[in-house]
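Data file: protein-v8.pdb. Format and content: PDB, C-alpha atoms.
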ATOM      1  CA  MET A   1     203.136  89.134 -65.865  1.00  0.00           C
ATOM      2  CA  GLN A   2     206.428  88.296 -67.571  1.00  0.00           C
ATOM      3  CA  ASN A   3     206.921  85.390 -69.931  1.00  0.00           C
ATOM      4  CA  ILE A   4     209.997  83.413 -68.970  1.00  0.00           C
ATOM      5  CA  THR A   5     211.350  80.764 -71.307  1.00  0.00           C
ATOM      6  CA  LEU A   6     214.007  78.334 -70.191  1.00  0.00           C
ATOM      7  CA  ILE A   7     215.646  76.709 -73.217  1.00  0.00           C
ATOM      8  CA  CYS A   8     217.712  73.650 -72.317  1.00  0.00           C
ATOM      9  CA  ILE A   9     219.752  71.117 -74.220  1.00  0.00           C
ATOM     10  CA  GLY A  10     219.056  67.589 -73.038  1.00  0.00           C
ATOM     11  CA  LYS A  11     216.383  65.914 -70.983  1.00  0.00           C
ATOM     12  CA  LEU A  12     216.428  65.438 -67.232  1.00  0.00           C
ATOM     13  CA  LYS A  13     217.079  61.769 -66.580  1.00  0.00           C
ATOM     14  CA  GLU A  14     216.951  61.699 -62.790  1.00  0.00           C
ATOM     15  CA  SER A  15     213.490  61.723 -61.208  1.00  0.00           C
ATOM     16  CA  TYR A  16     214.606  63.885 -58.268  1.00  0.00           C
ATOM     17  CA  LEU A  17     215.672  66.636 -60.689  1.00  0.00           C
ATOM     18  CA  ARG A  18     212.399  66.368 -62.630  1.00  0.00           C
ATOM     19  CA  ASP A  19     210.555  66.623 -59.293  1.00  0.00           C
ATOM     20  CA  ALA A  20     212.504  69.772 -58.376  1.00  0.00           C
ATOM     21  CA  VAL A  21     211.771  71.371 -61.762  1.00  0.00           C
ATOM     22  CA  SER A  22     208.106  70.478 -61.317  1.00  0.00           C
ATOM     23  CA  GLU A  23     208.051  72.063 -57.858  1.00  0.00           C
ATOM     24  CA  TYR A  24     209.568  75.358 -59.036  1.00  0.00           C
ATOM     25  CA  THR A  25     207.333  75.359 -62.106  1.00  0.00           C
ATOM     26  CA  LYS A  26     204.328  75.046 -59.799  1.00  0.00           C
ATOM     27  CA  ARG A  27     205.624  77.789 -57.467  1.00  0.00           C
ATOM     28  CA  LEU A  28     206.192  80.132 -60.398  1.00  0.00           C
ATOM     29  CA  SER A  29     202.816  79.479 -62.024  1.00  0.00           C
ATOM     30  CA  GLY A  30     201.098  82.444 -60.353  1.00  0.00           C
ATOM     31  CA  LEU A  31     204.083  84.771 -60.721  1.00  0.00           C
ATOM     32  CA  CYS A  32     205.041  84.474 -64.392  1.00  0.00           C
ATOM     33  CA  ARG A  33     204.244  82.484 -67.498  1.00  0.00           C
ATOM     34  CA  LEU A  34     207.012  79.890 -67.505  1.00  0.00           C
ATOM     35  CA  SER A  35     207.859  77.682 -70.437  1.00  0.00           C
ATOM     36  CA  VAL A  36     210.598  75.036 -70.258  1.00  0.00           C
ATOM     37  CA  VAL A  37     211.789  73.961 -73.690  1.00  0.00           C
ATOM     38  CA  GLU A  38     213.940  70.829 -73.843  1.00  0.00           C
ATOM     39  CA  LEU A  39     215.894  70.287 -77.040  1.00  0.00           C
ATOM     40  CA  PRO A  40     217.722  67.024 -77.753  1.00  0.00           C
ATOM     41  CA  ALA A  41     221.488  67.014 -77.441  1.00  0.00           C
ATOM     42  CA  GLU A  42     223.452  66.184 -80.565  1.00  0.00           C
ATOM     43  CA  LYS A  43     224.769  62.644 -80.594  1.00  0.00           C
ATOM     44  CA  LEU A  44     228.552  62.519 -80.396  1.00  0.00           C
ATOM     45  CA  SER A  45     231.078  59.715 -80.542  1.00  0.00           C
ATOM     46  CA  ASP A  46     232.559  58.395 -77.300  1.00  0.00           C
ATOM     47  CA  ASN A  47     235.722  60.432 -77.796  1.00  0.00           C
ATOM     48  CA  PRO A  48     234.619  63.407 -79.939  1.00  0.00           C
ATOM     49  CA  SER A  49     237.125  65.604 -81.729  1.00  0.00           C
ATOM     50  CA  GLN A  50     237.062  69.371 -81.236  1.00  0.00           C
ATOM     51  CA  LYS A  51     235.574  69.733 -84.729  1.00  0.00           C
ATOM     52  CA  GLU A  52     232.792  67.246 -83.904  1.00  0.00           C
ATOM     53  CA  ILE A  53     232.017  69.201 -80.712  1.00  0.00           C
ATOM     54  CA  GLU A  54     231.966  72.521 -82.610  1.00  0.00           C
ATOM     55  CA  ASN A  55     229.610  71.076 -85.230  1.00  0.00           C
ATOM     56  CA  ALA A  56     227.312  69.751 -82.504  1.00  0.00           C
ATOM     57  CA  LEU A  57     227.278  73.123 -80.744  1.00  0.00           C
ATOM     58  CA  GLU A  58     226.432  74.870 -84.024  1.00  0.00           C
ATOM     59  CA  SER A  59     223.584  72.475 -84.717  1.00  0.00           C
ATOM     60  CA  GLU A  60     222.238  72.866 -81.174  1.00  0.00           C
ATOM     61  CA  GLY A  61     222.691  76.636 -81.479  1.00  0.00           C
ATOM     62  CA  LYS A  62     220.488  76.784 -84.579  1.00  0.00           C
ATOM     63  CA  ARG A  63     217.724  74.907 -82.774  1.00  0.00           C
ATOM     64  CA  ILE A  64     218.113  77.118 -79.678  1.00  0.00           C
ATOM     65  CA  SER A  65     217.860  80.281 -81.797  1.00  0.00           C
ATOM     66  CA  GLU A  66     214.599  79.057 -83.320  1.00  0.00           C
ATOM     67  CA  LYS A  67     213.039  78.714 -79.849  1.00  0.00           C
ATOM     68  CA  ILE A  68     213.947  82.148 -78.486  1.00  0.00           C
ATOM     69  CA  PRO A  69     210.768  84.236 -78.287  1.00  0.00           C
ATOM     70  CA  LYS A  70     210.808  87.261 -80.570  1.00  0.00           C
ATOM     71  CA  GLY A  71     211.824  90.399 -78.680  1.00  0.00           C
ATOM     72  CA  ALA A  72     212.939  88.498 -75.570  1.00  0.00           C
ATOM     73  CA  TYR A  73     215.841  89.607 -73.410  1.00  0.00           C
ATOM     74  CA  VAL A  74     218.261  86.668 -73.621  1.00  0.00           C
ATOM     75  CA  TYR A  75     220.562  85.335 -70.922  1.00  0.00           C
ATOM     76  CA  THR A  76     223.026  82.614 -71.834  1.00  0.00           C
ATOM     77  CA  MET A  77     224.250  80.591 -68.898  1.00  0.00           C
ATOM     78  CA  CYS A  78     228.002  80.161 -69.220  1.00  0.00           C
ATOM     79  CA  ILE A  79     230.917  79.882 -66.836  1.00  0.00           C
ATOM     80  CA  GLU A  80     232.730  82.858 -68.399  1.00  0.00           C
ATOM     81  CA  GLY A  81     229.694  85.070 -67.834  1.00  0.00           C
ATOM     82  CA  LYS A  82     229.207  87.656 -65.126  1.00  0.00           C
ATOM     83  CA  GLN A  83     227.868  86.629 -61.740  1.00  0.00           C
ATOM     84  CA  LYS A  84     224.932  88.405 -60.115  1.00  0.00           C
ATOM     85  CA  THR A  85     223.496  88.247 -56.651  1.00  0.00           C
ATOM     86  CA  SER A  86     219.895  87.143 -56.243  1.00  0.00           C
ATOM     87  CA  GLN A  87     218.989  90.733 -55.407  1.00  0.00           C
ATOM     88  CA  GLU A  88     220.695  92.013 -58.580  1.00  0.00           C
ATOM     89  CA  LEU A  89     218.888  89.453 -60.747  1.00  0.00           C
ATOM     90  CA  SER A  90     215.561  90.413 -59.173  1.00  0.00           C
ATOM     91  CA  GLU A  91     216.182  94.123 -59.750  1.00  0.00           C
ATOM     92  CA  GLU A  92     217.268  93.495 -63.333  1.00  0.00           C
ATOM     93  CA  MET A  93     214.176  91.407 -64.103  1.00  0.00           C
ATOM     94  CA  GLU A  94     211.994  94.202 -62.699  1.00  0.00           C
ATOM     95  CA  SER A  95     213.908  96.768 -64.745  1.00  0.00           C
ATOM     96  CA  LEU A  96     213.474  94.722 -67.906  1.00  0.00           C
ATOM     97  CA  ALA A  97     209.711  94.672 -67.379  1.00  0.00           C
ATOM     98  CA  VAL A  98     209.693  98.466 -66.965  1.00  0.00           C
ATOM     99  CA  LYS A  99     211.756  98.804 -70.160  1.00  0.00           C
ATOM    100  CA  GLY A 100     209.095  96.875 -72.058  1.00  0.00           C
ATOM    101  CA  TYR A 101     210.549  93.378 -72.163  1.00  0.00           C
ATOM    102  CA  SER A 102     207.567  91.110 -71.646  1.00  0.00           C
ATOM    103  CA  SER A 103     209.712  88.041 -72.363  1.00  0.00           C
ATOM    104  CA  ILE A 104     212.961  86.800 -70.886  1.00  0.00           C
ATOM    105  CA  ALA A 105     214.783  83.725 -72.177  1.00  0.00           C
ATOM    106  CA  PHE A 106     217.435  81.799 -70.269  1.00  0.00           C
ATOM    107  CA  ILE A 107     219.563  79.340 -72.233  1.00  0.00           C
ATOM    108  CA  ILE A 108     221.347  76.358 -70.701  1.00  0.00           C
ATOM    109  CA  GLY A 109     223.558  74.401 -73.081  1.00  0.00           C
ATOM    110  CA  GLY A 110     224.556  70.776 -72.924  1.00  0.00           C
ATOM    111  CA  SER A 111     227.660  69.207 -71.455  1.00  0.00           C
ATOM    112  CA  PHE A 112     229.893  70.937 -74.021  1.00  0.00           C
ATOM    113  CA  GLY A 113     228.309  74.364 -73.523  1.00  0.00           C
ATOM    114  CA  ILE A 114     226.658  76.774 -75.956  1.00  0.00           C
ATOM    115  CA  SER A 115     227.760  77.857 -79.411  1.00  0.00           C
ATOM    116  CA  GLU A 116     229.647  81.119 -79.673  1.00  0.00           C
ATOM    117  CA  ARG A 117     227.015  82.364 -82.130  1.00  0.00           C
ATOM    118  CA  VAL A 118     224.253  82.009 -79.526  1.00  0.00           C
ATOM    119  CA  LYS A 119     226.416  83.632 -76.847  1.00  0.00           C
ATOM    120  CA  ALA A 120     227.246  86.553 -79.138  1.00  0.00           C
ATOM    121  CA  ALA A 121     223.571  87.093 -79.967  1.00  0.00           C
ATOM    122  CA  SER A 122     222.495  87.081 -76.322  1.00  0.00           C
ATOM    123  CA  ASP A 123     221.959  90.204 -74.241  1.00  0.00           C
ATOM    124  CA  PHE A 124     223.816  88.946 -71.176  1.00  0.00           C
ATOM    125  CA  ARG A 125     226.160  86.094 -70.326  1.00  0.00           C
ATOM    126  CA  LEU A 126     225.290  84.923 -66.833  1.00  0.00           C
ATOM    127  CA  SER A 127     227.406  82.676 -64.636  1.00  0.00           C
ATOM    128  CA  MET A 128     226.053  81.007 -61.506  1.00  0.00           C
ATOM    129  CA  SER A 129     229.480  80.356 -60.087  1.00  0.00           C
ATOM    130  CA  LYS A 130     233.132  79.889 -60.903  1.00  0.00           C
ATOM    131  CA  MET A 131     232.492  76.237 -60.117  1.00  0.00           C
ATOM    132  CA  THR A 132     231.224  73.848 -62.783  1.00  0.00           C
ATOM    133  CA  PHE A 133     227.833  72.181 -62.320  1.00  0.00           C
ATOM    134  CA  PRO A 134     226.113  69.526 -64.407  1.00  0.00           C
ATOM    135  CA  HIS A 135     223.715  71.246 -66.807  1.00  0.00           C
ATOM    136  CA  GLN A 136     220.824  69.257 -65.321  1.00  0.00           C
ATOM    137  CA  VAL A 137     221.547  70.648 -61.842  1.00  0.00           C
ATOM    138  CA  ALA A 138     221.998  74.125 -63.300  1.00  0.00           C
ATOM    139  CA  ARG A 139     218.400  73.959 -64.539  1.00  0.00           C
ATOM    140  CA  VAL A 140     217.078  73.428 -61.015  1.00  0.00           C
ATOM    141  CA  MET A 141     219.405  76.100 -59.601  1.00  0.00           C
ATOM    142  CA  LEU A 142     218.303  78.618 -62.220  1.00  0.00           C
ATOM    143  CA  LEU A 143     214.613  77.952 -61.627  1.00  0.00           C
ATOM    144  CA  GLU A 144     215.170  78.421 -57.899  1.00  0.00           C
ATOM    145  CA  GLN A 145     216.887  81.756 -58.568  1.00  0.00           C
ATOM    146  CA  ILE A 146     214.062  82.891 -60.845  1.00  0.00           C
ATOM    147  CA  TYR A 147     211.611  81.977 -58.083  1.00  0.00           C
ATOM    148  CA  ARG A 148     213.776  83.783 -55.517  1.00  0.00           C
ATOM    149  CA  ALA A 149     213.936  86.864 -57.777  1.00  0.00           C
ATOM    150  CA  THR A 150     210.150  86.980 -57.974  1.00  0.00           C
ATOM    151  CA  GLN A 151     209.878  86.585 -54.205  1.00  0.00           C
ATOM    152  CA  ILE A 152     212.311  89.451 -53.657  1.00  0.00           C
ATOM    153  CA  SER A 153     210.228  91.617 -56.029  1.00  0.00           C
ATOM    154  CA  ILE A 154     207.010  91.020 -54.112  1.00  0.00           C
ATOM    155  CA  GLY A 155     208.683  91.340 -50.719  1.00  0.00           C
ATOM    156  CA  THR A 156     208.100  87.891 -49.205  1.00  0.00           C
ATOM    157  CA  LYS A 157     210.263  86.338 -46.507  1.00  0.00           C
ATOM    158  CA  TYR A 158     211.506  83.583 -48.850  1.00  0.00           C
ATOM    159  CA  HIS A 159     214.725  85.507 -49.516  1.00  0.00           C
ATOM    160  CA  LYS A 160     216.633  85.916 -46.279  1.00  0.00           C
TER     161      LYS A 160
END
Re-express the file's structure as structure tokens.
Amino acid sequence: MQNITLICIGKLKESYLRDAVSEYTKRLSGLCRLSVVELPAEKLSDNPSQKEIENALESEGKRISEKIPKGAYVYTMCIEGKQKTSQELSEEMESLAVKGYSSIAFIIGGSFGISERVKAASDFRLSMSKMTFPHQVARVMLLEQIYRATQISIGTKYHK
């Protein structure tokens, strides 16, 4: 059973999003060992400068790096990343297990993204879409895709 860690900047404020995360966490409980790690976003001024944003991303990046499980295969979620189909993600997660990766980490940054240092240290930059989504919604979408990937692997009818 794979260990999957979802490292996120910021807390979910809306109850409907927390409910969705709870539902997918419950669904995944028998399929993998899931850990959702929420790290606080850096506080920025109302109109932050580019330098202030870069400093915040670096600070968040240090805290993210500390939470990545040792030896994990790391996906950073970023718009400039490569897109995969659900089938491709499922096949890749299976392949990673065969290659000896018992842990996979997915990283979702805050509203200003993820530091370049964290992106450079990751194994794969993954994009959900060319569209931009709030990072809170991206968390639910990613958990659904992880669940879908596991369902594809075990051959259920969930994935149509």
Self-check item: Selection dump of the PyMOL selection byres ((chain A and resi 26-34) around 10), as a PyMOL selection string
Solution: chain A and resi 1-6+20-25+35-37+103-105+143-144+146-148+150-151+154
Write the residues of the selection above to a file with C-alpha atoms, as a short mmCIF file (atom, residue, chain, number, x, y, z; two decimals), keeping the file's coordinate frame.
data_model
loop_
_atom_site.label_atom_id
_atom_site.label_comp_id
_atom_site.auth_asym_id
_atom_site.auth_seq_id
_atom_site.Cartn_x
_atom_site.Cartn_y
_atom_site.Cartn_z
CA MET A 1 203.14 89.13 -65.86
CA GLN A 2 206.43 88.30 -67.57
CA ASN A 3 206.92 85.39 -69.93
CA ILE A 4 210.00 83.41 -68.97
CA THR A 5 211.35 80.76 -71.31
CA LEU A 6 214.01 78.33 -70.19
CA ALA A 20 212.50 69.77 -58.38
CA VAL A 21 211.77 71.37 -61.76
CA SER A 22 208.11 70.48 -61.32
CA GLU A 23 208.05 72.06 -57.86
CA TYR A 24 209.57 75.36 -59.04
CA THR A 25 207.33 75.36 -62.11
CA SER A 35 207.86 77.68 -70.44
CA VAL A 36 210.60 75.04 -70.26
CA VAL A 37 211.79 73.96 -73.69
CA SER A 103 209.71 88.04 -72.36
CA ILE A 104 212.96 86.80 -70.89
CA ALA A 105 214.78 83.72 -72.18
CA LEU A 143 214.61 77.95 -61.63
CA GLU A 144 215.17 78.42 -57.90
CA ILE A 146 214.06 82.89 -60.84
CA TYR A 147 211.61 81.98 -58.08
CA ARG A 148 213.78 83.78 -55.52
CA THR A 150 210.15 86.98 -57.97
CA GLN A 151 209.88 86.58 -54.20
CA ILE A 154 207.01 91.02 -54.11
#
Quiz prompt | Chain and number of each residue from the PyMOL selection byres ((chain A and resi 117-125) around 8), as a list in words | solution = Glu58, Gly61, Ile64, Ser65, Tyr73, Val74, Tyr75, Thr76, Met77, Cys78, Glu80, Gly81, Lys82, Ile114, Ser115, Glu116, Leu126 and Ser127 of chain A
Practice problem: Would you kindly return, as a PyMOL selection string, each protein, DNA or RNA residue with an atom no farther than 12 Å from any atom of Lys43 in chain A, considering all atoms listed in the file and excluding same-chain residues fewer than 3 positions away? | Solution: chain A and resi 9-10+40+46-48+52-53+55-57+59-60+110-112
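Within 10 Å of the point (218.2, 68.9, -64.4), and counting only C-alpha atoms, the protein, DNA and RNA residues are Cys8, Gly10, Lys11, Leu12, Lys13, Glu14, Ser15, Tyr16, Leu17, Arg18, Asp19, Ala20, Val21, Pro134, His135, Gln136, Val137, Ala138, Arg139, Val140, Met141 and Leu142 of chain A.
Our summary of the geometry notes that CA of Ile79 in chain A is positioned 16.4 Å from CA of Gln145 in chain A.
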Axis-aligned box over every listed atom of range 24-35 of chain A, padded by 4 Å per side: centre and edges in Å to one decimal, as AutoDock Vina command-line options?
--center_x 205.3 --center_y 79.9 --center_z -64.0 --size_x 16.5 --size_y 17.7 --size_z 21.0
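When all atoms listed in the file are used to measure the gap to Lys67 in chain A, the shortest distance among A:Ser129, A:Tyr101, A:Ala149, A:Phe106 belongs to A:Phe106.
If you measure from each of A:Thr132, A:Arg63, A:Gly155, A:Lys99 to Ala41 in chain A using only C-alpha atoms, the closest one turns out to be A:Arg63.
From CA of Ile107 in chain A back to CA of Ser90 in chain A, the distance works out to 17.6 Å.
Taking CA of Ile108 in chain A as the reference point, CA of Gln50 in chain A is found at 20.2 Å.
Closest to Pro69 in chain A among A:Met128, A:Gln87, A:Ile7, A:Leu44 is A:Ile7, based on all atoms listed in the file.
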